[in-house]
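Engineer: Structure file input-v5.tsv (TSV, C-alpha atoms and all ligand atoms) right here:
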chain	number	residue	atom	x	y	z
H	276	MET	CA	0.00	0.00	0.00
H	277	ILE	CA	1.45	3.36	-1.07
H	278	ILE	CA	0.28	6.12	1.27
H	279	LEU	CA	0.58	9.87	0.94
H	280	GLY	CA	0.96	11.38	4.42
H	281	ILE	CA	0.19	15.03	5.16
H	282	GLU	CA	1.05	16.95	8.35
H	283	THR	CA	0.15	20.59	9.08
H	284	SER	CA	-0.60	20.61	12.83
H	285	CYS	CA	1.78	23.40	13.81
H	286	ASP	CA	4.52	25.26	11.94
H	287	GLU	CA	5.72	22.62	9.49
H	288	THR	CA	4.02	21.77	6.21
H	289	ALA	CA	4.99	18.18	5.47
H	290	ALA	CA	4.17	15.51	2.89
H	291	SER	CA	5.57	12.02	2.53
H	292	ILE	CA	5.18	8.86	0.52
H	293	VAL	CA	5.48	5.66	2.58
H	294	VAL	CA	5.15	2.08	1.38
H	295	GLU	CA	3.60	-0.60	3.64
H	296	GLY	CA	3.80	1.70	6.66
H	297	SER	CA	7.56	1.52	6.99
H	298	GLU	CA	9.51	2.30	3.82
H	299	ILE	CA	9.94	6.01	3.19
H	300	LEU	CA	10.11	6.94	-0.49
H	301	SER	CA	10.09	10.65	0.28
H	302	SER	CA	9.60	12.88	3.32
H	303	MET	CA	9.45	16.60	2.63
H	304	VAL	CA	9.19	19.20	5.39
H	305	SER	CA	8.79	22.91	4.79
H	306	SER	CA	9.59	24.72	8.03
H	307	GLN	CA	8.03	28.07	8.92
H	308	VAL	CA	10.78	29.01	11.38
H	309	ASP	CA	11.66	32.13	9.35
H	310	VAL	CA	8.05	33.35	9.57
H	311	HIS	CA	7.71	32.91	13.35
H	312	HIS	CA	11.28	33.52	14.58
H	313	LYS	CA	10.93	37.26	15.03
H	314	TYR	CA	7.80	36.81	17.17
H	315	GLY	CA	9.50	34.39	19.58
H	316	GLY	CA	6.86	31.71	18.97
H	317	VAL	CA	4.31	30.40	16.49
H	318	VAL	CA	1.68	32.96	15.38
H	319	PRO	CA	-1.35	30.77	14.53
H	320	GLU	CA	-2.83	33.03	11.84
H	321	LEU	CA	0.50	33.33	10.02
H	322	ALA	CA	0.99	29.57	10.32
H	323	SER	CA	-2.33	28.80	8.56
H	324	ARG	CA	-1.60	31.26	5.77
H	325	LYS	CA	1.83	29.75	5.18
H	326	HIS	CA	0.36	26.22	5.11
H	327	ILE	CA	-2.04	27.38	2.37
H	328	GLU	CA	0.92	28.61	0.31
H	329	ASP	CA	3.04	25.53	0.87
H	330	ILE	CA	0.67	22.56	0.82
H	331	VAL	CA	0.38	22.06	-2.95
H	332	PRO	CA	4.11	22.49	-3.75
H	333	ILE	CA	5.15	20.19	-0.88
H	334	VAL	CA	2.75	17.42	-1.95
H	335	LYS	CA	3.97	17.72	-5.53
H	336	GLU	CA	7.57	17.55	-4.31
H	337	ALA	CA	6.91	14.46	-2.19
H	338	VAL	CA	5.29	12.65	-5.10
H	339	SER	CA	8.00	13.61	-7.56
H	340	LYS	CA	10.86	12.75	-5.14
H	341	ALA	CA	9.25	9.33	-4.58
H	342	ASP	CA	9.29	8.91	-8.35
H	343	ILE	CA	5.63	7.89	-8.55
H	344	ASN	CA	2.56	9.51	-10.07
H	345	PHE	CA	-0.70	10.50	-8.36
H	346	LYS	CA	-2.49	7.41	-9.71
H	347	GLN	CA	-0.13	5.11	-7.85
H	348	ILE	CA	-1.17	6.51	-4.45
H	349	ASN	CA	-3.48	3.94	-2.80
H	350	ALA	CA	-4.56	5.94	0.26
H	351	LEU	CA	-4.04	9.15	2.14
H	352	ALA	CA	-3.32	9.82	5.83
H	353	VAL	CA	-3.53	13.29	7.34
H	354	THR	CA	-3.10	14.76	10.82
H	355	GLN	CA	-6.52	15.39	12.36
H	356	GLY	CA	-5.33	16.74	15.75
H	357	PRO	CA	-4.19	17.82	18.24
H	358	GLY	CA	-2.65	21.09	17.06
H	359	LEU	CA	-3.53	24.57	15.89
H	360	ILE	CA	-7.05	24.48	14.45
H	361	GLY	CA	-6.36	26.84	11.53
H	362	SER	CA	-3.24	24.91	10.57
H	363	LEU	CA	-4.91	21.51	10.86
H	364	ILE	CA	-7.84	22.64	8.70
H	365	VAL	CA	-5.53	23.44	5.79
H	366	GLY	CA	-4.03	19.94	5.63
H	367	PHE	CA	-7.27	18.18	6.50
H	368	SER	CA	-9.38	19.98	3.88
H	369	PHE	CA	-6.70	19.50	1.25
H	370	ALA	CA	-6.48	15.78	2.08
H	371	LYS	CA	-10.25	15.32	1.93
H	372	SER	CA	-10.60	16.92	-1.47
H	373	PHE	CA	-7.50	15.24	-2.85
H	374	ALA	CA	-8.66	11.79	-1.70
H	375	TYR	CA	-12.14	12.32	-3.17
H	376	THR	CA	-10.66	13.53	-6.44
H	377	LEU	CA	-8.44	10.46	-6.69
H	378	GLY	CA	-11.24	8.18	-5.42
H	379	ILE	CA	-9.05	6.61	-2.71
H	380	PRO	CA	-9.61	5.97	1.03
H	381	TRP	CA	-8.24	8.41	3.55
H	382	ILE	CA	-7.77	8.50	7.29
H	383	GLY	CA	-7.39	11.24	9.91
H	384	VAL	CA	-4.49	10.46	12.25
H	385	ASN	CA	-3.73	11.55	15.81
H	386	HIS	CA	-0.44	13.50	15.73
H	387	LEU	CA	0.74	11.90	19.01
H	388	GLU	CA	0.17	8.39	17.69
H	389	GLY	CA	2.16	9.55	14.68
H	390	HIS	CA	5.17	10.44	16.85
H	391	ILE	CA	4.95	7.09	18.65
H	392	ASN	CA	4.91	5.24	15.33
H	393	SER	CA	7.88	7.22	13.99
H	394	VAL	CA	10.18	4.61	15.48
H	395	PHE	CA	8.79	1.99	13.07
H	396	LEU	CA	10.23	3.91	10.14
H	397	GLU	CA	13.71	2.88	11.32
H	398	SER	CA	15.31	-0.52	10.96
H	399	ASN	CA	15.11	-2.88	13.99
H	400	PRO	CA	12.05	-1.23	15.55
H	401	PRO	CA	10.84	-2.29	19.02
H	402	THR	CA	8.43	-5.18	19.50
H	403	PHE	CA	5.18	-4.75	21.46
H	404	PRO	CA	4.66	-3.95	24.24
H	405	PHE	CA	7.13	-1.17	25.05
H	406	VAL	CA	7.17	2.13	26.89
H	407	SER	CA	7.46	5.39	24.97
H	408	LEU	CA	8.46	8.87	26.08
H	409	LEU	CA	6.86	11.46	23.80
H	410	ALA	CA	8.47	14.86	24.39
H	411	SER	CA	7.61	17.68	22.02
H	412	GLY	CA	6.71	21.36	22.01
H	413	GLY	CA	3.11	20.70	23.00
H	414	HIS	CA	3.24	17.39	24.90
H	415	THR	CA	5.35	15.43	27.34
H	416	SER	CA	3.87	12.04	28.14
H	417	ILE	CA	4.76	8.44	28.84
H	418	TYR	CA	2.77	5.68	27.13
H	419	TYR	CA	2.58	1.95	27.46
H	420	VAL	CA	2.39	0.99	23.79
H	421	LYS	CA	0.48	-2.23	23.09
H	422	ASP	CA	0.14	-1.88	19.34
H	423	HIS	CA	0.48	0.68	16.54
H	424	THR	CA	-2.96	2.04	17.37
H	425	GLU	CA	-3.38	1.06	21.01
H	426	MET	CA	-1.53	2.92	23.74
H	427	GLU	CA	-2.17	3.62	27.38
H	428	LEU	CA	-1.26	6.97	28.94
H	429	MET	CA	0.89	6.43	32.05
H	430	GLY	CA	1.66	10.06	32.87
H	431	GLN	CA	1.95	13.51	31.34
H	432	THR	CA	3.00	17.06	32.09
H	433	ARG	CA	0.76	19.03	34.40
H	434	ASP	CA	1.90	22.35	32.95
H	435	ASP	CA	4.56	23.11	30.30
H	436	ALA	CA	5.84	20.53	27.84
H	437	ALA	CA	9.59	19.82	27.83
H	438	GLY	CA	10.02	21.46	24.40
H	439	GLU	CA	8.03	24.46	25.61
H	440	ALA	CA	10.52	24.83	28.51
H	441	PHE	CA	13.41	24.80	26.01
H	442	ASP	CA	11.62	27.41	23.88
H	443	LYS	CA	10.78	29.67	26.85
H	444	VAL	CA	14.29	29.53	28.31
H	445	SER	CA	15.72	30.31	24.88
H	446	LYS	CA	13.41	33.30	24.55
H	447	ALA	CA	14.28	34.55	28.07
H	448	ILE	CA	18.00	34.42	27.24
H	449	GLY	CA	17.42	36.17	23.92
H	450	LEU	CA	18.19	33.20	21.68
H	451	GLY	CA	14.82	33.23	19.91
H	452	TYR	CA	12.47	30.52	18.63
H	453	PRO	CA	12.69	27.54	18.39
H	454	GLY	CA	14.92	27.05	21.40
H	455	GLY	CA	15.68	23.34	21.59
H	456	ILE	CA	18.21	23.07	18.83
H	457	VAL	CA	20.10	26.23	19.89
H	458	ILE	CA	20.25	25.19	23.56
H	459	ASP	CA	21.39	21.70	22.55
H	460	ARG	CA	24.28	23.25	20.60
H	461	LEU	CA	25.33	25.94	23.10
H	462	ALA	CA	25.03	23.67	26.15
H	463	LYS	CA	27.84	21.53	24.70
H	464	ASN	CA	30.25	24.34	25.68
H	465	GLY	CA	28.89	24.57	29.22
H	466	ASP	CA	29.38	22.70	32.47
H	467	PRO	CA	26.09	21.19	33.70
H	468	SER	CA	27.33	21.05	37.31
H	469	LYS	CA	28.25	24.76	37.62
H	470	ILE	CA	24.75	26.15	37.95
H	471	VAL	CA	22.39	23.54	39.31
H	472	PHE	CA	18.67	24.08	38.78
H	473	PRO	CA	15.96	22.14	40.65
H	474	ARG	CA	14.68	18.79	39.37
H	475	SER	CA	10.92	18.48	39.42
H	476	TYR	CA	10.15	14.81	39.97
H	477	LEU	CA	6.76	15.45	41.64
H	478	ASP	CA	5.91	12.02	43.05
H	479	LYS	CA	9.11	10.03	42.36
H	480	SER	CA	7.16	6.84	41.78
H	481	GLY	CA	4.66	8.52	39.42
H	482	PHE	CA	4.96	9.46	35.76
H	483	ASP	CA	3.61	12.99	35.64
H	484	PHE	CA	5.91	15.89	34.82
H	485	SER	CA	6.11	19.59	35.60
H	486	PHE	CA	8.43	21.91	33.69
H	487	SER	CA	7.12	25.35	34.56
H	488	GLY	CA	9.27	25.51	37.74
H	489	ILE	CA	12.57	25.01	35.94
H	490	LYS	CA	11.68	27.76	33.47
H	491	THR	CA	10.91	30.09	36.38
H	492	ALA	CA	14.17	29.11	38.12
H	493	VAL	CA	16.18	30.05	35.01
H	494	ASN	CA	14.26	33.33	34.69
H	495	ARG	CA	14.97	34.15	38.32
H	496	TYR	CA	18.66	33.37	37.87
H	497	ILE	CA	18.83	35.77	34.92
H	498	GLN	CA	16.98	38.51	36.80
H	499	THR	CA	19.13	38.25	39.91
H	500	HIS	CA	22.49	38.16	38.11
H	501	GLY	CA	22.22	41.38	36.12
H	502	ASP	CA	24.43	41.45	33.03
H	503	GLU	CA	26.79	38.94	34.60
H	504	TYR	CA	24.62	36.09	33.29
H	505	LYS	CA	25.64	36.96	29.73
H	506	ASN	CA	29.10	35.49	30.39
H	507	GLN	CA	27.56	32.31	31.79
H	508	ILE	CA	25.11	31.40	29.03
H	509	PRO	CA	26.60	27.97	28.12
H	510	ASP	CA	26.69	26.97	31.83
H	511	ILE	CA	23.13	28.18	32.42
H	512	LEU	CA	21.90	26.25	29.38
H	513	ALA	CA	23.84	23.11	30.29
H	514	GLY	CA	22.46	23.29	33.85
H	515	PHE	CA	18.91	23.78	32.59
H	516	GLN	CA	19.18	20.99	30.02
H	517	GLU	CA	20.64	18.59	32.57
H	518	SER	CA	17.72	19.20	34.91
H	519	VAL	CA	15.17	18.38	32.18
H	520	VAL	CA	17.16	15.37	30.93
H	521	ASP	CA	17.58	13.93	34.45
H	522	VAL	CA	13.83	13.90	35.03
H	523	LEU	CA	12.90	12.56	31.58
H	524	SER	CA	15.47	9.76	31.75
H	525	TYR	CA	14.54	8.77	35.31
H	526	LYS	CA	10.80	8.65	34.62
H	527	VAL	CA	10.85	6.77	31.32
H	528	LEU	CA	13.16	4.09	32.68
H	529	ASN	CA	11.10	3.78	35.86
H	530	ALA	CA	7.95	3.41	33.76
H	531	ALA	CA	9.56	0.60	31.75
H	532	MET	CA	10.63	-1.20	34.91
H	533	LYS	CA	7.20	-0.80	36.44
H	534	ARG	CA	5.64	-2.46	33.38
H	535	GLY	CA	8.37	-5.08	33.07
H	536	CYS	CA	9.40	-3.80	29.62
H	537	ASP	CA	12.95	-4.14	28.38
H	538	GLN	CA	12.44	-1.73	25.48
H	539	ILE	CA	11.67	1.97	25.41
H	540	SER	CA	11.44	4.61	22.70
H	541	LEU	CA	12.07	8.35	22.75
H	542	VAL	CA	10.02	10.30	20.23
H	543	GLY	CA	8.96	13.90	19.45
H	544	GLY	CA	11.04	17.02	18.81
H	545	VAL	CA	12.87	16.87	22.15
H	546	ALA	CA	14.06	13.32	21.37
H	547	ALA	CA	16.42	15.07	18.92
H	548	ASN	CA	18.30	16.45	21.94
H	549	SER	CA	21.81	15.01	21.91
H	550	ARG	CA	22.24	15.04	25.70
H	551	LEU	CA	18.89	13.28	26.24
H	552	ARG	CA	19.76	10.59	23.68
H	553	GLU	CA	23.17	10.03	25.25
H	554	ARG	CA	21.91	9.99	28.85
H	555	VAL	CA	18.96	7.66	28.33
H	556	ILE	CA	21.13	5.14	26.48
H	557	LYS	CA	23.76	5.35	29.26
H	558	ASP	CA	21.18	5.01	32.08
H	559	ALA	CA	19.27	2.20	30.33
H	560	GLY	CA	22.33	-0.02	29.72
H	561	PRO	CA	22.85	-1.31	33.28
H	562	LYS	CA	19.09	-1.94	33.59
H	563	GLY	CA	19.10	-4.17	30.50
H	564	ILE	CA	16.71	-1.82	28.67
H	565	LYS	CA	17.11	-1.27	24.93
H	566	VAL	CA	16.49	2.27	23.70
H	567	HIS	CA	14.93	3.03	20.31
H	568	ILE	CA	15.22	6.61	19.04
H	569	PRO	CA	14.35	7.71	15.50
H	570	SER	CA	16.84	9.71	13.45
H	571	VAL	CA	16.74	13.45	14.19
H	572	ASP	CA	14.66	14.13	11.02
H	573	LEU	CA	11.94	11.79	12.23
H	574	CYS	CA	11.85	13.23	15.78
H	575	GLY	CA	10.51	16.60	14.65
H	576	ASP	CA	7.15	16.93	12.92
H	577	ASN	CA	7.03	15.05	9.64
H	578	ALA	CA	4.43	13.38	7.44
H	579	ALA	CA	6.11	9.96	7.19
H	580	MET	CA	5.00	9.17	10.76
H	581	ILE	CA	1.44	10.15	9.84
H	582	ALA	CA	1.48	7.87	6.78
H	583	ALA	CA	2.99	5.05	8.88
H	584	THR	CA	0.22	5.36	11.47
H	585	GLY	CA	-2.55	5.71	8.89
H	586	TYR	CA	-1.36	2.50	7.27
H	587	HIS	CA	-2.27	0.42	10.35
H	588	TYR	CA	-5.79	1.90	10.55
H	589	LEU	CA	-6.42	1.52	6.83
H	590	LYS	CA	-5.09	-2.05	6.86
H	591	ASN	CA	-7.68	-2.84	9.54
H	592	GLY	CA	-10.45	-1.45	7.34
H	593	LYS	CA	-10.82	1.91	9.08
H	594	SER	CA	-11.17	5.14	7.10
H	595	SER	CA	-12.47	8.65	7.66
H	596	ASP	CA	-15.61	10.26	6.37
H	597	ILE	CA	-16.20	13.57	4.56
H	598	SER	CA	-18.10	14.86	7.64
H	599	ASP	CA	-15.11	14.28	10.00
H	600	ASP	CA	-13.45	17.37	11.43
H	601	VAL	CA	-10.16	18.39	13.07
H	602	TYR	CA	-9.68	18.68	16.85
H	603	SER	CA	-7.31	20.93	18.80
H	604	ARG	CA	-6.86	18.91	22.00
H	605	ILE	CA	-7.08	15.24	22.81
H	606	LYS	CA	-5.38	12.61	24.91
H	607	ILE	CA	-4.54	9.09	23.90
H	701	LIG	O1	7.57	17.31	17.77
H	701	LIG	P1	7.84	18.72	17.41
H	701	LIG	O2	8.59	18.99	16.13
H	701	LIG	O3	6.52	19.55	17.34
H	701	LIG	C1	5.48	19.37	18.24
H	701	LIG	O4	4.68	18.42	18.05
H	701	LIG	O5	5.47	20.14	19.23
H	701	LIG	O6	8.63	19.36	18.66
H	701	LIG	C2	9.07	20.68	18.64
H	701	LIG	C3	9.78	20.95	19.95
H	701	LIG	C4	10.16	22.42	20.13
H	701	LIG	O7	9.78	22.84	21.42
H	701	LIG	C5	11.68	22.41	19.98
H	701	LIG	O8	12.33	23.43	20.70
H	701	LIG	C6	12.02	21.04	20.51
H	701	LIG	O9	11.00	20.19	20.03
H	701	LIG	N1	13.33	20.55	20.02
H	701	LIG	C7	14.36	20.27	20.82
H	701	LIG	C8	15.45	19.93	19.98
H	701	LIG	N2	15.02	20.01	18.68
H	701	LIG	C9	13.72	20.39	18.73
H	701	LIG	N3	14.48	20.31	22.16
H	701	LIG	C10	15.68	19.99	22.70
H	701	LIG	N4	16.76	19.66	21.93
H	701	LIG	C11	16.68	19.61	20.59
H	701	LIG	N5	17.77	19.28	19.86
H	702	ZN	ZN	4.85	16.93	16.96
Go through the file and emit its structure as structure tokens.
Structural biologist:
Amino acid sequence: MIILGIETSCDETAASIVVEGSEILSSMVSSQVDVHHKYGGVVPELASRKHIEDIVPIVKEAVSKADINFKQINALAVTQGPGLIGSLIVGFSFAKSFAYTLGIPWIGVNHLEGHINSVFLESNPPTFPFVSLLASGGHTSIYYVKDHTEMELMGQTRDDAAGEAFDKVSKAIGLGYPGGIVIDRLAKNGDPSKIVFPRSYLDKSGFDFSFSGIKTAVNRYIQTHGDEYKNQIPDILAGFQESVVDVLSYKVLNAAMKRGCDQISLVGGVAANSRLRERVIKDAGPKGIKVHIPSVDLCGDNAAMIAATGYHYLKNGKSSDISDDVYSRIKI
């Protein structure tokens, strides 16, 4: 089954061609970072407008890069939610009309399930069941994954998402949006033990997170150190990053042990973080837990993960209907 995947939930317009839910023929992502950078975050109205401009060219590019023609596409999968309503509507409406024009089935996919399935686009994926840490700009959750389409929420953030904390700290320090990638890079030159920020474990045996406190702690440090903080930026960032990584690594490994799983996955934009990848692998080794992390390109928003997820629904005979609509918030 050749599936065209479409993703427009936030500030990336993405299209991808995936065969049998696992082989990527093309995965095109048009980022809107340039549009939103100067505002320090995503401006929803500008995001929708940019999706409208980019959707047709990006779909054409994905099809041409895959070296197929429109008639060879067997089905279509598109992000239905959660995300920015105006952005989702662009991809969803396009997908509906495109599927009806081609006379092929289509399916609306949950973006979070998409991230969890991203790991199946790599070779040697995990076997079910396993525990997954999904850390992105909008969500930070731990799931017990029973199947491609069946997952149980074990815990989630009670306030900010991990990626949101990276973005807010970056903004506070004047490094702009998006923050994760910049902090990842600059923290490499810092010493994580010089400025130690609090770790928010909440209940140490539970799987909920809280990242608003660490953001406030960094803000307070900046405010109380005058201009002096400007000479300490790498150490501040390394200290902040270490605090987030400590908690994420501890909780995902604890969740796996609680469920008796010897495999975990890290997915979502924050899973691109080099320190998180390194730390979780190091911490998991002595516990006999194998860590699966997609390549950096598949951690951030992409349409291949949407096509891969849609494949499993479509294979089981599920498809969406013309009357279906997008949703901004949902849990799985
Ligand atoms: O999954 P994603 O692309 O979009 C959402 O579904 O939210 O995640 C974006 C988030 C942003 O907050 C971004 O700052 C963060 O992932 N991110 C990172 C890194 N790359 C992206 N955070 C830490 N380290 C990175 N290398
Ligand atoms: Zn995402």
Engineer: Got a sec: who's within 10 Å of Thr415 (chain H), counting all atoms listed in the file, leaving out chain neighbours fewer than 6 positions off, as a compact mmCIF listing (two decimals) with C-alpha atoms, in the coordinates of the input?
Structural biologist:
# COMPACT_ATOMS: atom_id res chain seq x y z
CA LEU H 408 8.46 8.87 26.08
CA LEU H 409 6.86 11.46 23.80
CA GLY H 430 1.66 10.06 32.87
CA GLN H 431 1.95 13.51 31.34
CA THR H 432 3.00 17.06 32.09
CA ARG H 433 0.76 19.03 34.40
CA ASP H 434 1.90 22.35 32.95
CA ASP H 435 4.56 23.11 30.30
CA ALA H 436 5.84 20.53 27.84
CA ALA H 437 9.59 19.82 27.83
CA GLY H 438 10.02 21.46 24.40
CA GLU H 439 8.03 24.46 25.61
CA ASP H 483 3.61 12.99 35.64
CA PHE H 484 5.91 15.89 34.82
CA SER H 485 6.11 19.59 35.60
CA PHE H 486 8.43 21.91 33.69
CA LEU H 523 12.90 12.56 31.58
CA VAL H 542 10.02 10.30 20.23
CA GLY H 543 8.96 13.90 19.45
CA VAL H 545 12.87 16.87 22.15
Engineer: Would you mind listing the residues within 6 Å of ligand LIG 701 (chain H), counting only C-alpha atoms and all ligand atoms, as a list in words?
Structural biologist: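 Final answer, ordered by chain and number: Ser411, Gly412, Gly413, Gly438, Glu439, Phe441, Asp442, Pro453, Gly454, Gly455, Ile456, Asp459, Gly543, Gly544, Val545, Ala547, Asn548, Gly575 and Asp576 of chain H.
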Engineer: So how far away is CA of Gln307 (chain H) from CA of Gly389 (chain H), in Å?
Structural biologist: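 We find that CA of Gly389 (chain H) and CA of Gln307 (chain H) lie 20.3 Å from each other.
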Engineer: Can you tell me which residues surround Val331 (chain H) at a distance of at most 12 Å, considering only C-alpha atoms, apart from same-chain residues fewer than 4 positions away, and format the answer as a list in words?
Structural biologist: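 Using only C-alpha atoms, the neighbours found are Ile281, Thr288, Ala289, Ala290, Met303, Ser305, Lys325, His326, Ile327, Lys335, Glu336, Ala337, Val338, Val365, Gly366, Phe369, Ala370 and Phe373 of chain H.
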Engineer: Have a look at H:Met426, H:Cys285, H:Val304, H:Val555 and name the one nearest to ligand ZN 702 (chain H); count only C-alpha atoms and all ligand atoms.
Structural biologist: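 Using only C-alpha atoms and all ligand atoms, ligand ZN 702 (chain H) sits closest to H:Cys285.
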Engineer: I need the residue nearest Val406 (chain H) from this list: H:Ile382, H:Ile539, H:Val317, H:Ile364. Use only C-alpha atoms for the distance.
Structural biologist: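 Among the listed residues, the smallest separation from Val406 (chain H) belongs to H:Ile539.
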Engineer: Between H:Gln516, H:Thr354, H:Ser445, H:Ser595, which one has atoms that come closest to His312 (chain H), using only C-alpha atoms?
Structural biologist: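 Answer, going by the shortest atom-to-atom distance: H:Ser445.
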Engineer: Enter the distance from CA of Gln355 (chain H) to CA of Ala578 (chain H), in Å, rounded to one decimal.
Structural biologist: 12.2 Å
Engineer: Where atoms are absent from region 593-600 of chain H, fill them in so it carries all heavy atoms, then output it as a PDB file, keeping the file's coordinate frame.
Structural biologist:
ATOM      1  N   LYS H 593     -10.273   0.641   8.598  1.00  0.00           N
ATOM      2  CA  LYS H 593     -10.820   1.910   9.080  1.00  0.00           C
ATOM      3  C   LYS H 593     -10.525   3.013   8.057  1.00  0.00           C
ATOM      4  O   LYS H 593      -9.462   3.028   7.446  1.00  0.00           O
ATOM      5  CB  LYS H 593     -10.160   2.304  10.403  1.00  0.00           C
ATOM      6  CG  LYS H 593     -10.471   1.373  11.542  1.00  0.00           C
ATOM      7  CD  LYS H 593     -10.872   2.189  12.790  1.00  0.00           C
ATOM      8  CE  LYS H 593     -11.441   1.328  13.872  1.00  0.00           C
ATOM      9  NZ  LYS H 593     -10.426   0.623  14.655  1.00  0.00           N
ATOM     10  N   SER H 594     -11.452   3.954   7.912  1.00  0.00           N
ATOM     11  CA  SER H 594     -11.170   5.140   7.100  1.00  0.00           C
ATOM     12  C   SER H 594     -12.041   6.279   7.607  1.00  0.00           C
ATOM     13  O   SER H 594     -12.981   6.056   8.368  1.00  0.00           O
ATOM     14  CB  SER H 594     -11.414   4.870   5.606  1.00  0.00           C
ATOM     15  OG  SER H 594     -12.755   4.535   5.416  1.00  0.00           O
ATOM     16  N   SER H 595     -11.718   7.489   7.193  1.00  0.00           N
ATOM     17  CA  SER H 595     -12.470   8.650   7.660  1.00  0.00           C
ATOM     18  C   SER H 595     -13.585   8.991   6.689  1.00  0.00           C
ATOM     19  O   SER H 595     -13.631   8.485   5.556  1.00  0.00           O
ATOM     20  CB  SER H 595     -11.538   9.846   7.843  1.00  0.00           C
ATOM     21  OG  SER H 595     -10.657   9.589   8.885  1.00  0.00           O
ATOM     22  N   ASP H 596     -14.440   9.897   7.145  1.00  0.00           N
ATOM     23  CA  ASP H 596     -15.610  10.260   6.370  1.00  0.00           C
ATOM     24  C   ASP H 596     -15.559  11.754   6.055  1.00  0.00           C
ATOM     25  O   ASP H 596     -14.953  12.523   6.810  1.00  0.00           O
ATOM     26  CB  ASP H 596     -16.849   9.937   7.237  1.00  0.00           C
ATOM     27  CG  ASP H 596     -18.126  10.224   6.518  1.00  0.00           C
ATOM     28  OD1 ASP H 596     -18.515   9.374   5.689  1.00  0.00           O
ATOM     29  OD2 ASP H 596     -18.734  11.290   6.767  1.00  0.00           O
ATOM     30  N   ILE H 597     -16.211  12.159   4.996  1.00  0.00           N
ATOM     31  CA  ILE H 597     -16.200  13.570   4.560  1.00  0.00           C
ATOM     32  C   ILE H 597     -16.685  14.507   5.683  1.00  0.00           C
ATOM     33  O   ILE H 597     -16.279  15.666   5.759  1.00  0.00           O
ATOM     34  CB  ILE H 597     -17.045  13.757   3.275  1.00  0.00           C
ATOM     35  CG1 ILE H 597     -16.852  15.147   2.662  1.00  0.00           C
ATOM     36  CG2 ILE H 597     -18.524  13.498   3.510  1.00  0.00           C
ATOM     37  CD1 ILE H 597     -15.838  15.195   1.596  1.00  0.00           C
ATOM     38  N   SER H 598     -17.551  13.993   6.583  1.00  0.00           N
ATOM     39  CA  SER H 598     -18.100  14.860   7.640  1.00  0.00           C
ATOM     40  C   SER H 598     -17.137  14.981   8.833  1.00  0.00           C
ATOM     41  O   SER H 598     -17.388  15.758   9.755  1.00  0.00           O
ATOM     42  CB  SER H 598     -19.447  14.312   8.117  1.00  0.00           C
ATOM     43  OG  SER H 598     -19.240  13.030   8.675  1.00  0.00           O
ATOM     44  N   ASP H 599     -16.050  14.215   8.868  1.00  0.00           N
ATOM     45  CA  ASP H 599     -15.110  14.280  10.000  1.00  0.00           C
ATOM     46  C   ASP H 599     -14.425  15.649  10.044  1.00  0.00           C
ATOM     47  O   ASP H 599     -14.222  16.281   9.010  1.00  0.00           O
ATOM     48  CB  ASP H 599     -14.053  13.178   9.901  1.00  0.00           C
ATOM     49  CG  ASP H 599     -14.656  11.812  10.202  1.00  0.00           C
ATOM     50  OD1 ASP H 599     -15.785  11.778  10.715  1.00  0.00           O
ATOM     51  OD2 ASP H 599     -14.005  10.798   9.901  1.00  0.00           O
ATOM     52  N   ASP H 600     -14.054  16.041  11.269  1.00  0.00           N
ATOM     53  CA  ASP H 600     -13.450  17.370  11.430  1.00  0.00           C
ATOM     54  C   ASP H 600     -12.166  17.279  12.261  1.00  0.00           C
ATOM     55  O   ASP H 600     -11.923  16.270  12.919  1.00  0.00           O
ATOM     56  CB  ASP H 600     -14.464  18.295  12.135  1.00  0.00           C
ATOM     57  CG  ASP H 600     -14.216  19.753  11.805  1.00  0.00           C
ATOM     58  OD1 ASP H 600     -13.197  20.068  11.157  1.00  0.00           O
ATOM     59  OD2 ASP H 600     -15.043  20.591  12.215  1.00  0.00           O
TER      60      ASP H 600
END
